[in-house]
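Colleague: So that you have it, the file is data_4.cif, and it contains mmCIF, C-alpha atoms and all ligand atoms:
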data_protein
#
loop_
_atom_site.label_atom_id
_atom_site.label_comp_id
_atom_site.auth_asym_id
_atom_site.auth_seq_id
_atom_site.Cartn_x
_atom_site.Cartn_y
_atom_site.Cartn_z
CA MET H 1 -214.16 126.36 -149.67
CA ASN H 2 -217.21 127.02 -147.57
CA THR H 3 -217.41 126.77 -143.83
CA TYR H 4 -220.95 125.65 -143.15
CA TYR H 5 -220.41 121.94 -143.74
CA ALA H 6 -218.40 119.64 -141.47
CA ASP H 7 -214.63 119.58 -141.97
CA LYS H 8 -212.68 116.29 -141.91
CA LYS H 9 -212.71 116.17 -138.12
CA GLY H 10 -216.37 117.01 -137.91
CA TYR H 11 -215.99 120.66 -136.92
CA TYR H 12 -218.28 123.47 -137.90
CA GLY H 13 -216.19 126.47 -136.84
CA ALA H 14 -215.65 126.02 -133.11
CA TYR H 15 -218.35 123.36 -132.74
CA GLY H 16 -218.58 119.63 -133.34
CA GLY H 17 -215.80 117.06 -133.03
CA ALA H 18 -215.99 113.67 -131.35
CA PHE H 19 -215.62 113.65 -127.57
CA ILE H 20 -216.11 110.00 -126.75
CA PRO H 21 -214.96 107.45 -124.20
CA GLU H 22 -211.89 105.46 -125.29
CA MET H 23 -214.01 102.29 -125.53
CA LEU H 24 -216.20 103.79 -128.26
CA TYR H 25 -213.30 104.84 -130.42
CA PRO H 26 -213.29 101.73 -132.69
CA ASN H 27 -217.04 101.97 -133.43
CA VAL H 28 -216.98 105.68 -134.21
CA GLU H 29 -213.76 105.34 -136.21
CA GLU H 30 -215.28 102.51 -138.31
CA LEU H 31 -218.27 104.68 -139.10
CA LYS H 32 -216.17 107.77 -139.80
CA LYS H 33 -213.92 105.89 -142.23
CA ASN H 34 -216.80 104.37 -144.18
CA TYR H 35 -219.92 106.50 -144.13
CA ILE H 36 -219.23 108.73 -147.11
CA SER H 37 -217.91 106.01 -149.39
CA ILE H 38 -220.83 103.68 -148.56
CA MET H 39 -223.37 106.47 -149.06
CA GLN H 40 -221.86 107.17 -152.48
CA GLU H 41 -222.05 103.56 -153.68
CA VAL H 42 -224.46 103.15 -156.58
CA SER H 43 -226.16 100.14 -154.95
CA PHE H 44 -226.62 102.06 -151.69
CA GLN H 45 -228.14 105.05 -153.43
CA LYS H 46 -230.40 102.81 -155.46
CA GLU H 47 -231.79 101.04 -152.40
CA PHE H 48 -232.08 104.29 -150.39
CA GLN H 49 -233.88 106.16 -153.17
CA GLN H 50 -236.21 103.24 -153.86
CA LEU H 51 -237.26 103.04 -150.19
CA LEU H 52 -237.72 106.81 -149.97
CA LYS H 53 -240.02 106.59 -152.96
CA ASP H 54 -242.03 103.41 -152.33
CA TYR H 55 -241.94 103.12 -148.54
CA VAL H 56 -241.81 106.72 -147.31
CA GLY H 57 -243.79 108.15 -150.23
CA ARG H 58 -241.27 110.71 -151.46
CA PRO H 59 -240.97 113.24 -152.94
CA SER H 60 -243.13 114.91 -150.31
CA PRO H 61 -245.22 117.64 -151.97
CA LEU H 62 -244.29 121.31 -151.92
CA PHE H 63 -247.69 122.89 -151.40
CA TYR H 64 -248.55 126.51 -152.19
CA ALA H 65 -250.60 127.63 -149.19
CA GLN H 66 -252.87 130.24 -150.71
CA ARG H 67 -254.85 131.40 -147.70
CA LEU H 68 -251.78 131.49 -145.48
CA SER H 69 -250.05 133.51 -148.22
CA GLU H 70 -252.90 136.02 -148.26
CA LYS H 71 -252.74 136.42 -144.52
CA TYR H 72 -248.97 137.01 -144.34
CA GLN H 73 -248.64 138.82 -147.70
CA ALA H 74 -245.93 136.59 -149.19
CA LYS H 75 -245.81 133.44 -151.33
CA ILE H 76 -245.80 130.72 -148.70
CA TYR H 77 -245.04 127.10 -149.55
CA LEU H 78 -245.23 124.16 -147.16
CA LYS H 79 -242.77 121.27 -147.54
CA ARG H 80 -245.01 118.38 -146.55
CA GLU H 81 -242.79 116.08 -144.46
CA ASP H 82 -245.97 115.43 -142.47
CA LEU H 83 -247.14 113.18 -145.32
CA ASN H 84 -244.23 110.75 -144.94
CA HIS H 85 -244.84 107.23 -143.67
CA THR H 86 -244.80 107.42 -139.82
CA GLY H 87 -245.76 111.09 -140.01
CA ALA H 88 -242.53 113.07 -139.95
CA HIS H 89 -239.07 113.60 -141.42
CA LYS H 90 -237.35 111.21 -138.97
CA ILE H 91 -237.86 108.18 -141.22
CA ASN H 92 -235.52 109.66 -143.90
CA ASN H 93 -232.66 109.33 -141.44
CA THR H 94 -233.50 105.95 -139.91
CA ILE H 95 -233.75 104.35 -143.36
CA GLY H 96 -230.37 105.78 -144.29
CA GLN H 97 -228.70 104.62 -141.09
CA ILE H 98 -230.11 101.10 -141.13
CA LEU H 99 -228.90 100.59 -144.70
CA LEU H 100 -225.48 101.76 -143.55
CA ALA H 101 -225.63 99.38 -140.56
CA LYS H 102 -226.42 96.46 -142.88
CA ARG H 103 -223.45 97.28 -145.08
CA LEU H 104 -221.18 97.41 -142.03
CA GLY H 105 -222.35 93.88 -141.20
CA LYS H 106 -224.30 94.81 -138.05
CA SER H 107 -227.28 92.73 -136.94
CA ARG H 108 -228.54 94.61 -133.88
CA ILE H 109 -229.83 98.19 -133.69
CA ILE H 110 -229.99 100.39 -130.61
CA ALA H 111 -231.50 103.86 -130.28
CA GLU H 112 -232.40 106.43 -127.66
CA THR H 113 -235.69 108.25 -127.65
CA GLY H 114 -237.32 111.06 -125.68
CA ALA H 115 -240.85 111.57 -126.90
CA GLY H 116 -240.72 108.24 -128.69
CA GLN H 117 -240.83 109.58 -132.25
CA HIS H 118 -237.29 108.54 -133.10
CA GLY H 119 -237.86 105.21 -131.32
CA VAL H 120 -240.89 104.56 -133.53
CA ALA H 121 -239.01 105.55 -136.71
CA THR H 122 -236.18 103.20 -135.71
CA ALA H 123 -238.48 100.31 -134.73
CA THR H 124 -240.22 100.76 -138.09
CA VAL H 125 -237.09 100.32 -140.20
CA CYS H 126 -235.88 97.44 -138.00
CA ALA H 127 -239.14 95.60 -138.71
CA LEU H 128 -238.74 96.40 -142.40
CA MET H 129 -235.20 94.97 -142.43
CA GLY H 130 -235.80 92.13 -139.96
CA MET H 131 -233.22 93.42 -137.48
CA GLU H 132 -233.21 93.24 -133.69
CA CYS H 133 -234.17 96.59 -132.14
CA VAL H 134 -233.54 97.86 -128.62
CA VAL H 135 -234.77 101.34 -127.68
CA PHE H 136 -233.68 103.11 -124.49
CA MET H 137 -236.21 105.49 -123.04
CA GLY H 138 -236.40 107.36 -119.73
CA GLU H 139 -238.87 105.92 -117.24
CA VAL H 140 -240.64 109.28 -116.97
CA ASP H 141 -240.95 109.50 -120.77
CA ILE H 142 -242.29 105.93 -120.95
CA ALA H 143 -245.09 106.95 -118.62
CA ARG H 144 -246.00 110.14 -120.51
CA GLN H 145 -245.63 108.77 -124.07
CA ALA H 146 -247.60 105.53 -123.77
CA PRO H 147 -248.92 105.42 -127.38
CA ASN H 148 -245.41 105.57 -128.82
CA VAL H 149 -244.23 102.87 -126.41
CA ALA H 150 -247.09 100.69 -127.66
CA ARG H 151 -246.16 101.42 -131.28
CA MET H 152 -242.55 100.40 -130.71
CA LYS H 153 -243.64 97.16 -129.05
CA MET H 154 -246.08 96.37 -131.86
CA LEU H 155 -243.23 96.87 -134.31
CA GLY H 156 -241.20 94.29 -132.41
CA ALA H 157 -238.79 96.51 -130.50
CA GLU H 158 -237.68 95.98 -126.93
CA VAL H 159 -238.09 99.17 -124.89
CA ILE H 160 -235.66 99.42 -121.97
CA PRO H 161 -236.40 102.02 -119.27
CA ALA H 162 -233.60 104.35 -118.17
CA THR H 163 -233.99 104.69 -114.41
CA SER H 164 -231.08 106.97 -113.52
CA GLY H 165 -230.94 110.77 -113.17
CA SER H 166 -234.03 112.63 -114.30
CA LYS H 167 -235.21 109.47 -116.16
CA THR H 168 -235.56 111.38 -119.44
CA LEU H 169 -233.76 111.68 -122.78
CA LYS H 170 -230.22 112.36 -121.57
CA ASP H 171 -230.38 109.33 -119.28
CA ALA H 172 -231.67 107.16 -122.12
CA THR H 173 -228.74 108.39 -124.23
CA ASN H 174 -226.28 107.41 -121.49
CA GLU H 175 -227.79 103.90 -121.41
CA ALA H 176 -227.57 103.58 -125.19
CA ILE H 177 -223.90 104.60 -125.17
CA ARG H 178 -223.19 102.10 -122.39
CA ASP H 179 -224.86 99.33 -124.41
CA TRP H 180 -222.86 100.28 -127.50
CA ILE H 181 -219.58 100.11 -125.56
CA ASN H 182 -220.51 96.61 -124.40
CA ASN H 183 -221.58 95.36 -127.84
CA PRO H 184 -219.14 96.90 -130.30
CA GLU H 185 -219.10 94.02 -132.77
CA ASP H 186 -222.71 93.45 -133.78
CA THR H 187 -224.48 96.67 -132.76
CA PHE H 188 -225.17 99.90 -134.64
CA TYR H 189 -226.38 102.98 -132.77
CA ILE H 190 -228.98 104.97 -134.77
CA ILE H 191 -229.00 108.56 -133.49
CA GLY H 192 -232.14 110.57 -134.22
CA SER H 193 -230.94 114.09 -134.91
CA VAL H 194 -227.90 116.08 -136.06
CA VAL H 195 -226.26 115.55 -132.68
CA GLY H 196 -223.68 113.16 -131.23
CA PRO H 197 -220.01 112.68 -132.08
CA HIS H 198 -218.70 113.16 -135.62
CA PRO H 199 -219.71 111.71 -138.08
CA TYR H 200 -223.32 111.60 -136.84
CA PRO H 201 -224.27 115.27 -137.32
CA ASP H 202 -222.92 115.28 -140.87
CA MET H 203 -224.32 111.83 -141.70
CA VAL H 204 -227.81 112.67 -140.46
CA ALA H 205 -227.77 116.03 -142.29
CA ARG H 206 -226.84 114.23 -145.51
CA PHE H 207 -229.71 111.77 -145.13
CA GLN H 208 -232.14 114.60 -144.39
CA SER H 209 -230.77 116.72 -147.26
CA VAL H 210 -233.28 115.00 -149.54
CA ILE H 211 -235.63 117.72 -148.24
CA SER H 212 -233.72 120.67 -149.74
CA GLN H 213 -232.83 118.64 -152.81
CA GLU H 214 -236.55 118.25 -153.50
CA ILE H 215 -237.37 121.87 -152.64
CA ARG H 216 -234.94 122.96 -155.36
CA PHE H 217 -236.63 121.15 -158.22
CA GLN H 218 -240.17 121.58 -156.88
CA LEU H 219 -239.75 125.33 -156.52
CA LYS H 220 -238.35 125.44 -160.05
CA GLU H 221 -241.63 123.93 -161.28
CA HIS H 222 -243.77 126.36 -159.27
CA GLU H 223 -241.78 129.58 -159.50
CA ASN H 224 -239.11 129.00 -162.13
CA THR H 225 -236.38 129.52 -159.56
CA SER H 226 -234.77 126.91 -157.33
CA LYS H 227 -234.10 129.42 -154.55
CA PRO H 228 -236.64 130.72 -152.07
CA ASP H 229 -236.07 133.99 -150.23
CA TYR H 230 -236.63 132.33 -146.86
CA ILE H 231 -236.61 128.82 -145.43
CA ILE H 232 -238.17 128.44 -142.00
CA ALA H 233 -237.79 125.30 -139.86
CA CYS H 234 -238.15 124.41 -136.20
CA VAL H 235 -235.09 123.22 -134.25
CA GLY H 236 -235.00 120.61 -131.53
CA GLY H 237 -231.70 118.84 -132.19
CA GLY H 238 -231.93 120.34 -135.64
CA SER H 239 -232.30 117.54 -138.20
CA ASN H 240 -235.34 118.74 -140.14
CA ALA H 241 -233.81 122.23 -140.30
CA ALA H 242 -230.42 120.84 -141.36
CA GLY H 243 -232.12 118.90 -144.16
CA ALA H 244 -234.18 121.87 -145.32
CA PHE H 245 -231.13 124.20 -145.26
CA PHE H 246 -228.53 121.76 -146.66
CA HIS H 247 -228.32 122.66 -150.34
CA TYR H 248 -228.77 126.37 -149.64
CA LEU H 249 -226.03 126.89 -147.07
CA ASP H 250 -223.74 128.56 -149.63
CA ASN H 251 -226.51 130.62 -151.26
CA LYS H 252 -226.41 133.65 -148.99
CA GLU H 253 -229.40 135.19 -150.74
CA VAL H 254 -231.54 132.38 -149.27
CA LYS H 255 -232.24 133.50 -145.72
CA LEU H 256 -232.35 130.65 -143.19
CA ILE H 257 -234.67 130.96 -140.21
CA ALA H 258 -234.39 128.51 -137.30
CA VAL H 259 -237.19 128.52 -134.73
CA GLU H 260 -236.61 127.24 -131.22
CA ALA H 261 -239.14 126.52 -128.50
CA ALA H 262 -239.32 129.35 -125.97
CA GLY H 263 -241.68 127.27 -123.79
CA LYS H 264 -243.33 129.56 -121.25
CA GLY H 265 -240.96 132.38 -122.25
CA ILE H 266 -237.19 132.65 -122.66
CA ASP H 267 -236.65 134.04 -119.17
CA SER H 268 -239.29 131.91 -117.46
CA GLY H 269 -236.96 129.09 -116.45
CA GLU H 270 -239.15 126.79 -118.55
CA SER H 271 -237.74 127.00 -122.06
CA ALA H 272 -235.77 125.13 -124.69
CA ALA H 273 -234.36 128.11 -126.63
CA THR H 274 -230.77 126.89 -126.62
CA SER H 275 -229.27 129.60 -128.86
CA GLN H 276 -230.51 132.25 -126.42
CA LEU H 277 -229.87 130.41 -123.15
CA GLY H 278 -227.04 128.00 -123.94
CA LYS H 279 -223.31 128.27 -123.40
CA ASP H 280 -220.47 126.30 -124.99
CA GLY H 281 -220.24 122.80 -123.63
CA ILE H 282 -220.08 119.13 -124.55
CA ILE H 283 -223.16 116.96 -124.83
CA HIS H 284 -223.57 113.55 -126.46
CA GLY H 285 -220.00 113.64 -127.75
CA SER H 286 -219.88 116.99 -129.48
CA ARG H 287 -219.01 120.55 -128.58
CA THR H 288 -222.01 122.78 -129.03
CA LEU H 289 -224.34 125.25 -127.35
CA LEU H 290 -225.93 123.70 -124.32
CA MET H 291 -228.32 124.82 -121.59
CA GLN H 292 -226.41 124.36 -118.35
CA THR H 293 -225.96 125.65 -114.85
CA ASP H 294 -222.91 127.75 -113.89
CA ASP H 295 -221.08 124.61 -112.82
CA GLY H 296 -221.84 122.83 -116.08
CA GLN H 297 -224.78 120.60 -115.14
CA ILE H 298 -227.30 120.14 -117.95
CA THR H 299 -230.51 122.10 -117.32
CA GLU H 300 -233.82 120.28 -117.97
CA PRO H 301 -235.41 121.94 -120.99
CA TYR H 302 -239.13 122.56 -121.31
CA SER H 303 -241.49 122.89 -124.26
CA ILE H 304 -245.12 121.93 -124.80
CA SER H 305 -243.74 120.07 -127.82
CA ALA H 306 -241.95 116.87 -126.84
CA GLY H 307 -239.75 116.89 -129.95
CA LEU H 308 -238.24 120.32 -129.20
CA ASP H 309 -237.61 119.56 -125.56
CA TYR H 310 -233.82 119.12 -125.90
CA PRO H 311 -231.10 120.95 -123.91
CA GLY H 312 -228.70 121.43 -126.84
CA VAL H 313 -228.63 121.98 -130.59
CA GLY H 314 -226.54 120.18 -133.18
CA PRO H 315 -223.05 121.66 -133.68
CA GLN H 316 -223.86 122.88 -137.19
CA HIS H 317 -226.71 124.96 -135.79
CA ALA H 318 -224.46 126.39 -133.08
CA HIS H 319 -222.17 127.51 -135.90
CA LEU H 320 -225.00 128.84 -138.08
CA PHE H 321 -226.15 130.87 -135.08
CA LYS H 322 -222.72 132.21 -134.08
CA SER H 323 -221.72 133.04 -137.66
CA GLY H 324 -225.03 134.76 -138.32
CA ARG H 325 -225.72 132.56 -141.39
CA ALA H 326 -229.07 131.56 -139.89
CA ARG H 327 -231.35 133.83 -137.91
CA PHE H 328 -232.67 132.20 -134.74
CA LEU H 329 -236.15 133.06 -133.56
CA SER H 330 -238.23 131.44 -130.86
CA ALA H 331 -241.92 130.78 -130.31
CA THR H 332 -243.64 130.25 -126.98
CA ASP H 333 -246.06 127.39 -126.29
CA ASP H 334 -248.98 129.79 -126.75
CA GLU H 335 -247.69 131.22 -130.02
CA ALA H 336 -247.08 127.74 -131.43
CA MET H 337 -250.50 126.43 -130.40
CA GLN H 338 -252.22 129.40 -132.03
CA ALA H 339 -250.15 128.99 -135.21
CA GLY H 340 -250.98 125.28 -135.29
CA LEU H 341 -254.70 125.98 -135.02
CA GLU H 342 -254.41 128.68 -137.67
CA LEU H 343 -252.94 126.19 -140.15
CA CYS H 344 -255.83 123.78 -139.43
CA GLN H 345 -258.37 126.46 -140.19
CA LEU H 346 -256.69 128.19 -143.14
CA GLU H 347 -255.33 125.16 -144.99
CA GLY H 348 -256.98 122.04 -143.55
CA ILE H 349 -253.70 120.65 -142.25
CA ILE H 350 -253.17 119.65 -138.60
CA PRO H 351 -249.44 120.14 -137.95
CA ALA H 352 -247.22 118.57 -135.32
CA ILE H 353 -246.70 121.05 -132.49
CA GLU H 354 -242.99 121.08 -133.36
CA SER H 355 -243.82 122.27 -136.87
CA ALA H 356 -246.31 124.79 -135.45
CA HIS H 357 -243.30 126.58 -133.91
CA ALA H 358 -241.93 127.17 -137.43
CA LEU H 359 -245.32 128.50 -138.51
CA ALA H 360 -245.38 130.86 -135.51
CA ALA H 361 -242.36 132.65 -136.98
CA LEU H 362 -244.50 134.04 -139.85
CA GLU H 363 -246.13 136.44 -137.40
CA LYS H 364 -242.72 137.74 -136.27
CA MET H 365 -241.35 138.53 -139.72
CA THR H 366 -242.06 141.13 -142.39
CA PHE H 367 -242.15 140.08 -146.02
CA LYS H 368 -242.35 141.70 -149.40
CA LYS H 369 -245.33 140.50 -151.39
CA GLU H 370 -243.17 138.71 -153.97
CA ASP H 371 -241.02 136.92 -151.35
CA ILE H 372 -240.99 133.15 -151.67
CA VAL H 373 -241.10 131.53 -148.23
CA VAL H 374 -240.77 127.78 -147.62
CA VAL H 375 -241.89 126.48 -144.23
CA ASN H 376 -240.71 122.96 -143.48
CA LEU H 377 -243.74 121.15 -142.09
CA SER H 378 -241.72 118.53 -140.22
CA GLY H 379 -244.61 116.36 -139.02
CA ARG H 380 -248.31 115.78 -138.66
CA GLY H 381 -250.35 116.55 -135.57
CA ASP H 382 -252.12 113.23 -134.95
CA LYS H 383 -249.65 112.36 -132.20
CA ASP H 384 -250.40 115.72 -130.54
CA LEU H 385 -254.15 115.51 -130.50
CA ASN H 386 -254.36 115.16 -126.71
CA THR H 387 -252.18 118.23 -126.22
CA TYR H 388 -254.36 120.22 -128.64
CA ILE H 389 -257.53 118.97 -126.87
CA ASN H 390 -256.25 119.91 -123.41
CA TYR H 391 -254.94 123.28 -124.54
CA PHE H 392 -258.02 124.46 -126.45
CA ASN H 393 -260.61 122.51 -124.45
CA PHE H 394 -262.12 120.91 -127.57
C1 LIG B 1 -238.42 115.05 -133.63
C2 LIG B 1 -239.18 116.10 -134.32
C3 LIG B 1 -238.67 117.41 -134.47
C4 LIG B 1 -237.40 117.88 -133.83
O1 LIG B 1 -236.24 117.23 -134.26
P1 LIG B 1 -235.19 117.92 -135.22
O2 LIG B 1 -234.02 117.00 -135.19
O3 LIG B 1 -234.87 119.27 -134.67
O4 LIG B 1 -235.80 118.01 -136.56
C5 LIG B 1 -239.41 118.33 -135.20
N1 LIG B 1 -240.60 117.99 -135.75
C6 LIG B 1 -241.11 116.76 -135.62
C7 LIG B 1 -242.44 116.47 -136.24
C8 LIG B 1 -240.43 115.77 -134.91
O5 LIG B 1 -240.96 114.55 -134.78
#
Represent the supplied structure as structure tokens.
Ligand SMILES: *Cc1c(COP(=O)(O)O)cnc(C)c1O
Modeller:
Amino acid sequence: MNTYYADKKGYYGAYGGAFIPEMLYPNVEELKKNYISIMQEVSFQKEFQQLLKDYVGRPSPLFYAQRLSEKYQAKIYLKREDLNHTGAHKINNTIGQILLAKRLGKSRIIAETGAGQHGVATATVCALMGMECVVFMGEVDIARQAPNVARMKMLGAEVIPATSGSKTLKDATNEAIRDWINNPEDTFYIIGSVVGPHPYPDMVARFQSVISQEIRFQLKEHENTSKPDYIIACVGGGSNAAGAFFHYLDNKEVKLIAVEAAGKGIDSGESAATSQLGKDGIIHGSRTLLMQTDDGQITEPYSISAGLDYPGVGPQHAHLFKSGRARFLSATDDEAMQAGLELCQLEGIIPAIESAHALAALEKMTFKKEDIVVVNLSGRGDKDLNTYINYFNF
């Protein structure tokens, strides 16, 4: 028995569980009872794998980055989730969840989104499946993420502004949960990371585990071993990291490195480094580490990267941190921007600023020359072009 995967009640050590309003109990219970058996059905796997191949473009390549390897004196590979359809790993999860929703007989999809990336990935699969799509998004986020709002609308989604509180992600999540309570029969709630009440963290990690499954056989081809010495991934809620770590959790010789956004510095008051700043609490239905004030109010996180700008981490990551199984590092805005530009100039790849945080960890680590290091390149930088332009004055 290992302890890094969810137990039957959705706990990872002290973290996880399902803290939900009474009214949501039937929906969550229905999902909890069925998700594993549906995911294991041959017909489900066949449809899921086919879409990952023909629609997403999987397997995503595992690329040996020669010039980056020379610079950091290790064998560095990039897992190219940036080459997926829609530009990031999020589509792996939304395809999985919409197939599950169909099998549960649901006809309407709801989602919450902060930066809009998960909203776009959800609107995409709803168009593909011909399902109604409603995305809740904070009013402030709608104003600052206009291109993603346009994408969602083009894909046929209805975008509903959340106008309460700080008008950002947590308020959009509250609206989505309220909608779900009111429409329990026909509606499925697609959550975008390894967060939320059990079974979401485990379900999302399983859908994203295609990443580590592919790393295993791709590394075997390159290096004649399926196990790298290090896997490095950025952590917002934690889904790309959970997918990249999944099949290695019990292989202690594979060192897992999670990189959080330090923003303007961990002690600056403008940060999103939850493992360093968070305390135990409950957010979005699970017990985890959470950035909060002394009286338990959620603190607004900050990062230059919209996808890492989240006040918690998934419960599995809280456990990986507390147990010491994963090492948690952080990168500031400046460190990430420099690492992003470095990848452009050494390898001809413009990374998402989220992924640039993972790359920034290379500078903070010491390797042996024969070490095999896999960096999960969670997304491409097209969406971040304006941020790059403003930062570097191109
Ligand atoms: C959303 C996003 C992230 C952060 O989400 P996780 O659930 O932590 O993976 C990281 N990278 C990219 C490119 C994203 O779009």
Colleague: Given 8 Å of margin on each side, can you work out the centre and size in Å (one decimal) of an axis-aligned box holding every listed atom of ligand LIG 1 (chain B), as lines of an AutoDock Vina configuration file?
Modeller:
center_x = -238.2
center_y = 116.9
center_z = -135.1
size_x = 24.4
size_y = 20.7
size_z = 18.9
Colleague: Give me the range 55-147 of chain H side of the contact with range 212-230 of chain H, cut-off 8 Å, one line per residue showing its nearest atom pair and distance in Å at one decimal, counting only C-alpha atoms, sorted by chain and residue number, as a tab-separated table.
Modeller:
residue	atom	partner	partner_atom	distance
H:Pro59	CA	H:Glu214	CA	6.7
H:Leu62	CA	H:Gln218	CA	6.5
H:Lys79	CA	H:Ile215	CA	7.5
Colleague: Taking only C-alpha atoms and all ligand atoms into account, which residues have an atom no farther than 6 Å from ligand LIG 1 (chain B)? I'd like them as a ChimeraX atom specification.
Modeller: /H:88,117,193,235-241,307-308,352,354-355,378-379
Colleague: With all atoms listed in the file as the counted atoms, please give the residues lying no more than 8 Å from range 146-155 of chain H, apart from itself and same-chain residues fewer than 6 positions off, as number ranges by chain.
Modeller: H: 115-117, 119-120, 123-124, 127
Colleague: Using all atoms listed in the file, find the one residue out of H:Val28, H:Ala262, H:Leu169, H:Leu346 that sits nearest to Ile298 in chain H.
Modeller: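 Among the listed residues, H:Leu169 lies closest to Ile298 in chain H.
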Colleague: For range 20-110 of chain H against range 133-137 of chain H, with a cut-off of 12 Å and counting only C-alpha atoms, what is the closest atom pair and its distance in Å to one decimal for every residue that makes the cut, ordered by chain and number, as a tab-separated table?
Modeller:
residue	atom	partner	partner_atom	distance
H:Ile98	CA	H:Cys133	CA	10.8
H:Lys106	CA	H:Cys133	CA	11.6
H:Ser107	CA	H:Cys133	CA	9.2
H:Arg108	CA	H:Cys133	CA	6.2
H:Ile109	CA	H:Cys133	CA	4.9
H:Ile110	CA	H:Val134	CA	4.8
Colleague: Need to verify the contact set: Arg287 in chain H, 7 Å, only C-alpha atoms, exclusion of same-chain residues closer than 6 positions in sequence. Can you return it as number ranges by chain?
Modeller: H: 15-17, 280-281, 315
Colleague: Determine the nearest neighbour of Ile231 in chain H from the options H:His85, H:Lys75, H:Lys102, H:Lys90, counting all atoms listed in the file.
Modeller: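 Once distances to Ile231 in chain H are computed over all atoms listed in the file, the minimum belongs to H:Lys75.
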Colleague: Is there a way to complete range 51-67 of chain H with N, CA and C atoms and then write that out as an mmCIF file, in the frame of the given file?
Modeller:
data_model
loop_
_atom_site.group_PDB
_atom_site.id
_atom_site.type_symbol
_atom_site.label_atom_id
_atom_site.label_comp_id
_atom_site.auth_asym_id
_atom_site.auth_seq_id
_atom_site.Cartn_x
_atom_site.Cartn_y
_atom_site.Cartn_z
ATOM 1 N N LEU H 51 -236.488 103.057 -151.441
ATOM 2 C CA LEU H 51 -237.260 103.040 -150.190
ATOM 3 C C LEU H 51 -237.886 104.407 -149.908
ATOM 4 N N LEU H 52 -237.138 105.476 -150.179
ATOM 5 C CA LEU H 52 -237.720 106.810 -149.970
ATOM 6 C C LEU H 52 -238.960 106.981 -150.840
ATOM 7 N N LYS H 53 -238.901 106.434 -152.036
ATOM 8 C CA LYS H 53 -240.020 106.590 -152.960
ATOM 9 C C LYS H 53 -241.197 105.670 -152.571
ATOM 10 N N ASP H 54 -240.927 104.376 -152.456
ATOM 11 C CA ASP H 54 -242.030 103.410 -152.330
ATOM 12 C C ASP H 54 -242.482 103.166 -150.907
ATOM 13 N N TYR H 55 -241.593 103.400 -149.939
ATOM 14 C CA TYR H 55 -241.940 103.120 -148.540
ATOM 15 C C TYR H 55 -242.327 104.394 -147.804
ATOM 16 N N VAL H 56 -241.530 105.445 -148.004
ATOM 17 C CA VAL H 56 -241.810 106.720 -147.310
ATOM 18 C C VAL H 56 -242.857 107.529 -148.077
ATOM 19 N N GLY H 57 -242.855 107.391 -149.410
ATOM 20 C CA GLY H 57 -243.790 108.150 -150.230
ATOM 21 C C GLY H 57 -243.225 109.452 -150.766
ATOM 22 N N ARG H 58 -241.901 109.508 -150.940
ATOM 23 C CA ARG H 58 -241.270 110.710 -151.460
ATOM 24 C C ARG H 58 -241.366 110.764 -152.986
ATOM 25 N N PRO H 59 -241.187 111.950 -153.593
ATOM 26 C CA PRO H 59 -240.970 113.240 -152.940
ATOM 27 C C PRO H 59 -242.213 113.706 -152.181
ATOM 28 N N SER H 60 -241.999 114.314 -151.026
ATOM 29 C CA SER H 60 -243.130 114.910 -150.310
ATOM 30 C C SER H 60 -243.508 116.190 -151.070
ATOM 31 N N PRO H 61 -244.812 116.472 -151.175
ATOM 32 C CA PRO H 61 -245.220 117.640 -151.970
ATOM 33 C C PRO H 61 -244.691 118.970 -151.412
ATOM 34 N N LEU H 62 -244.507 119.921 -152.316
ATOM 35 C CA LEU H 62 -244.290 121.310 -151.920
ATOM 36 C C LEU H 62 -245.590 122.030 -152.257
ATOM 37 N N PHE H 63 -246.318 122.406 -151.226
ATOM 38 C CA PHE H 63 -247.690 122.890 -151.400
ATOM 39 C C PHE H 63 -247.765 124.408 -151.261
ATOM 40 N N TYR H 64 -248.353 125.063 -152.271
ATOM 41 C CA TYR H 64 -248.550 126.510 -152.190
ATOM 42 C C TYR H 64 -249.763 126.775 -151.296
ATOM 43 N N ALA H 65 -249.543 127.396 -150.171
ATOM 44 C CA ALA H 65 -250.600 127.630 -149.190
ATOM 45 C C ALA H 65 -251.225 129.004 -149.456
ATOM 46 N N GLN H 66 -252.313 128.995 -150.209
ATOM 47 C CA GLN H 66 -252.870 130.240 -150.710
ATOM 48 C C GLN H 66 -253.451 131.141 -149.613
ATOM 49 N N ARG H 67 -254.202 130.551 -148.723
ATOM 50 C CA ARG H 67 -254.850 131.400 -147.700
ATOM 51 C C ARG H 67 -253.842 131.898 -146.671
#
